[in-house]
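This report refers to the structure that appears directly beneath it.
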Amino acid sequence: MGKRIFITATNTDIGKTYTTKLLLKEFASRDIRVGVIKPIETGVIDGYCPDGDELLNCVKKLNKEFLNIESIVPITYELPAAPYVAGNNTLVDLKKIENKVKEFEKLCDVLLIEGAGGLLVPIDENTMIIDLIKHFKASALLVTHCSLGCINDTLLSKKALDDLSIPNAIAFNCREKDSGFAKISEPYFKNSGFEIMKVTQDIDKICDVLYNL
């Protein structure tokens, strides 16, 4: 089994795909063979996976072994909702995901696995996104926002990962609208011993931390 890194977030639309693409490029710049999979994507219309296709186009430029891969998303739903809702509580086919993970791992040294939404997004009545991380024995990168409320959101998600003994790191995806982060939230994290790693500025450091988890 190669290195598995699961990219998750405190919620939807936080920047998982953006971060995953930066990680792919940074690892590849170090002559590390990279791969990527998004096990489940919702909001898929006529076979078009907004996140999955974007990630696939990125990885094909970095690892020629992925040139003949048509999709990196084994399970798709049309409704843009939690998989539990979008799939009408159909039990997730973990074997289907496992087979894809094994297939892609043969093509790379580091496999990035991008989740859907946040950690406690339900997939079916028995499984949440966080359970996939544990099932696949992956370490996790928690992408969090920098707007008001990020302290609560970040701590809750980190506690969920720590409670399941999942090795993890935190990356802050600060956008232009988050200009108040340094004054409103960052002081708490600094005083509490958190290492402040920002997605855009510190992707090299984030890769170092993840590779050694």
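Every chain in the structure tokens takes a letter, A first, then B, and so on in the order presented; its residues are numbered from 1, and the ligands are numbered from 1 following the presented order.
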Using only C-alpha atoms, what table do you get, as JSON lines, when you list each residue of stretch 63-95 of chain A with an atom no more than 9 Å from stretch 51-59 of chain A, its nearest pair of atoms, and their distance in Å rounded to one decimal, rows by chain then rising number?
```
{"residue": "A:Asn63", "atom": "CA", "partner": "A:Val59", "partner_atom": "CA", "distance": 5.9}
{"residue": "A:Lys64", "atom": "CA", "partner": "A:Val59", "partner_atom": "CA", "distance": 8.3}
{"residue": "A:Phe66", "atom": "CA", "partner": "A:Val59", "partner_atom": "CA", "distance": 7.0}
{"residue": "A:Leu67", "atom": "CA", "partner": "A:Val59", "partner_atom": "CA", "distance": 8.6}
{"residue": "A:Ile69", "atom": "CA", "partner": "A:Leu56", "partner_atom": "CA", "distance": 8.2}
{"residue": "A:Glu70", "atom": "CA", "partner": "A:Leu56", "partner_atom": "CA", "distance": 8.3}
{"residue": "A:Ser71", "atom": "CA", "partner": "A:Leu56", "partner_atom": "CA", "distance": 7.1}
{"residue": "A:Ile72", "atom": "CA", "partner": "A:Gly52", "partner_atom": "CA", "distance": 6.1}
{"residue": "A:Val73", "atom": "CA", "partner": "A:Gly52", "partner_atom": "CA", "distance": 6.1}
```
### Query
Per DSSP on the backbone, what are the alpha helix (DSSP H) residues of stretch 6-182 of chain A, as JSON, numbers by chain?
{"A": [16, 17, 18, 19, 20, 21, 22, 23, 24, 25, 26, 27, 28, 29, 50, 51, 52, 53, 54, 55, 56, 57, 58, 59, 60, 83, 84, 85, 86, 94, 95, 96, 97, 98, 99, 100, 101, 102, 103, 104, 105, 129, 130, 131, 132, 133, 134, 135, 150, 151, 152, 153, 154, 155, 156, 157, 158, 159, 160, 161, 162, 163, 181, 182]}
Please, could you write that set of residues out with C-alpha atoms as a CSV table (one decimal), in the first residue's frame?
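For reference, again26.csv as written:
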```csv
chain,number,residue,atom,x,y,z
A,16,LYS,CA,-10.9,20.8,-1.2
A,17,THR,CA,-10.5,20.6,-5.0
A,18,TYR,CA,-8.3,23.7,-5.2
A,19,THR,CA,-6.1,22.4,-2.4
A,20,THR,CA,-5.9,18.9,-3.9
A,21,LYS,CA,-4.7,20.3,-7.2
A,22,LEU,CA,-2.0,22.3,-5.5
A,23,LEU,CA,-0.9,19.2,-3.6
A,24,LEU,CA,-0.8,17.1,-6.8
A,25,LYS,CA,1.5,19.7,-8.5
A,26,GLU,CA,3.8,20.2,-5.4
A,27,PHE,CA,4.3,16.4,-4.9
A,28,ALA,CA,4.9,16.0,-8.7
A,29,SER,CA,7.5,18.8,-8.6
A,50,PRO,CA,-17.3,19.0,-11.9
A,51,ASP,CA,-14.6,18.2,-9.3
A,52,GLY,CA,-13.6,14.8,-10.6
A,53,ASP,CA,-13.0,16.0,-14.2
A,54,GLU,CA,-11.0,19.0,-12.9
A,55,LEU,CA,-8.8,16.7,-10.8
A,56,LEU,CA,-8.4,14.2,-13.6
A,57,ASN,CA,-7.3,16.9,-16.1
A,58,CYS,CA,-4.7,18.0,-13.6
A,59,VAL,CA,-3.3,14.6,-12.7
A,60,LYS,CA,-3.0,13.6,-16.4
A,83,PRO,CA,-24.8,11.1,-0.7
A,84,TYR,CA,-27.3,9.7,1.8
A,85,VAL,CA,-30.0,11.9,0.3
A,86,ALA,CA,-28.8,11.9,-3.3
A,94,LEU,CA,-17.2,0.1,-0.6
A,95,LYS,CA,-15.8,-2.7,-2.8
A,96,LYS,CA,-16.3,-0.5,-5.9
A,97,ILE,CA,-14.2,2.2,-4.2
A,98,GLU,CA,-11.6,-0.2,-2.9
A,99,ASN,CA,-11.1,-1.6,-6.4
A,100,LYS,CA,-10.5,1.8,-7.8
A,101,VAL,CA,-8.1,2.7,-5.0
A,102,LYS,CA,-6.1,-0.5,-5.7
A,103,GLU,CA,-6.1,0.2,-9.4
A,104,PHE,CA,-4.8,3.8,-9.0
A,105,GLU,CA,-2.3,2.9,-6.4
A,129,ILE,CA,-17.1,10.6,5.1
A,130,ILE,CA,-14.9,10.2,8.2
A,131,ASP,CA,-15.5,6.5,8.2
A,132,LEU,CA,-14.0,6.3,4.7
A,133,ILE,CA,-10.8,7.9,6.0
A,134,LYS,CA,-10.5,5.2,8.7
A,135,HIS,CA,-11.5,2.4,6.3
A,150,CYS,CA,-13.5,29.0,11.8
A,151,ILE,CA,-12.3,28.4,15.4
A,152,ASN,CA,-15.4,26.4,16.2
A,153,ASP,CA,-15.6,24.6,12.9
A,154,THR,CA,-11.9,23.7,12.9
A,155,LEU,CA,-11.8,22.4,16.5
A,156,LEU,CA,-15.0,20.3,16.0
A,157,SER,CA,-13.6,18.6,12.9
A,158,LYS,CA,-10.1,18.1,14.4
A,159,LYS,CA,-11.7,16.5,17.5
A,160,ALA,CA,-13.6,14.1,15.3
A,161,LEU,CA,-10.4,13.0,13.5
A,162,ASP,CA,-8.4,12.8,16.8
A,163,ASP,CA,-11.2,10.7,18.4
A,181,PHE,CA,-8.5,36.4,10.0
A,182,ALA,CA,-5.3,37.8,11.4
```
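Picture a line from atom CA of A:Ile203 to atom CA of A:Glu41; it runs 24.8 Å.
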Who sits within 9 Å of A:Met197, only C-alpha atoms, same chain under 4 positions skipped, as a PyMOL selection string
chain A and resi 170-173+201-203+205-206
- Task: Write out as an NGL selection string the residues lying within 6 Å of stretch 110-125 of chain A, counting only C-alpha atoms and excluding same-chain residues fewer than 4 positions away.
- Result: :A and (3-12 or 34-38 or 83-84 or 89 or 91 or 129-130)
Can you write just those residues out, N, CA and C atoms, as a compact mmCIF listing (two decimals), in the first residue's frame?
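That gives us out_13.txt:
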```
# COMPACT_ATOMS: atom_id res chain seq x y z
N LYS A 3 1.29 5.63 -0.06
CA LYS A 3 0.87 6.70 0.83
C LYS A 3 -0.52 7.19 0.42
N ARG A 4 -1.47 7.16 1.38
CA ARG A 4 -2.83 7.62 1.12
C ARG A 4 -3.10 8.87 1.95
N ILE A 5 -3.52 9.93 1.28
CA ILE A 5 -3.83 11.18 1.96
C ILE A 5 -5.25 11.59 1.58
N PHE A 6 -6.09 11.74 2.58
CA PHE A 6 -7.49 12.08 2.36
C PHE A 6 -7.67 13.58 2.59
N ILE A 7 -8.17 14.28 1.57
CA ILE A 7 -8.41 15.71 1.71
C ILE A 7 -9.87 15.92 2.08
N THR A 8 -10.09 16.47 3.26
CA THR A 8 -11.44 16.72 3.75
C THR A 8 -11.53 18.20 4.14
N ALA A 9 -12.68 18.61 4.65
CA ALA A 9 -12.86 20.02 4.99
C ALA A 9 -13.90 20.17 6.08
N THR A 10 -13.98 21.40 6.59
CA THR A 10 -14.96 21.68 7.64
C THR A 10 -16.37 21.77 7.09
N ASN A 11 -16.52 21.91 5.77
CA ASN A 11 -17.84 21.98 5.15
C ASN A 11 -17.66 21.90 3.65
N THR A 12 -18.75 22.10 2.91
CA THR A 12 -18.65 22.15 1.46
C THR A 12 -18.18 23.52 1.00
N VAL A 34 2.18 10.91 -8.54
CA VAL A 34 0.95 11.24 -7.83
C VAL A 34 -0.26 10.65 -8.54
N GLY A 35 -1.29 10.41 -7.74
CA GLY A 35 -2.58 9.95 -8.27
C GLY A 35 -3.69 10.56 -7.44
N VAL A 36 -4.91 10.46 -7.94
CA VAL A 36 -6.02 11.06 -7.23
C VAL A 36 -7.31 10.29 -7.51
N ILE A 37 -8.18 10.26 -6.51
CA ILE A 37 -9.50 9.66 -6.65
C ILE A 37 -10.48 10.48 -5.82
N LYS A 38 -11.69 10.62 -6.34
CA LYS A 38 -12.78 11.21 -5.57
C LYS A 38 -13.84 10.12 -5.48
N PRO A 83 -24.61 12.38 -0.06
CA PRO A 83 -24.82 11.09 -0.73
C PRO A 83 -25.97 10.28 -0.15
N TYR A 84 -26.19 10.37 1.15
CA TYR A 84 -27.31 9.67 1.78
C TYR A 84 -28.62 10.08 1.13
N ASN A 89 -30.46 6.79 0.32
CA ASN A 89 -29.96 5.89 1.35
C ASN A 89 -29.59 4.51 0.82
N LEU A 91 -27.02 1.71 0.22
CA LEU A 91 -25.77 1.37 0.90
C LEU A 91 -24.59 1.58 -0.04
N ILE A 129 -18.42 10.32 5.80
CA ILE A 129 -17.14 10.55 5.12
C ILE A 129 -15.96 10.19 6.01
N ILE A 130 -16.03 10.54 7.28
CA ILE A 130 -14.91 10.25 8.18
C ILE A 130 -14.64 8.75 8.29
```
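Backbone DSSP of stretch 20-204 of chain A yields strand (DSSP E) at Val34, Gly35, Val36, Ile37, Ile40, Glu41, Ile75, Thr76, Val110, Leu111, Leu112, Ile113, Glu114, Ser139, Ala140, Leu141, Leu142, Val143, Thr144, Asn168, Ala169, Ile170, Ala171 and Phe172 of chain A.
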Across A:Pro39, A:Ile45, A:Glu65, A:Thr200, the smallest distance to A:Lys106, with only C-alpha atoms counted, is shown by A:Glu65
Students should find that atom CA of A:Gly193 and atom CA of A:Leu164 are spaced 21.2 Å
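For the pair atom CA of A:Leu79 and atom CA of A:Thr144, the separation is 24.7 Å.
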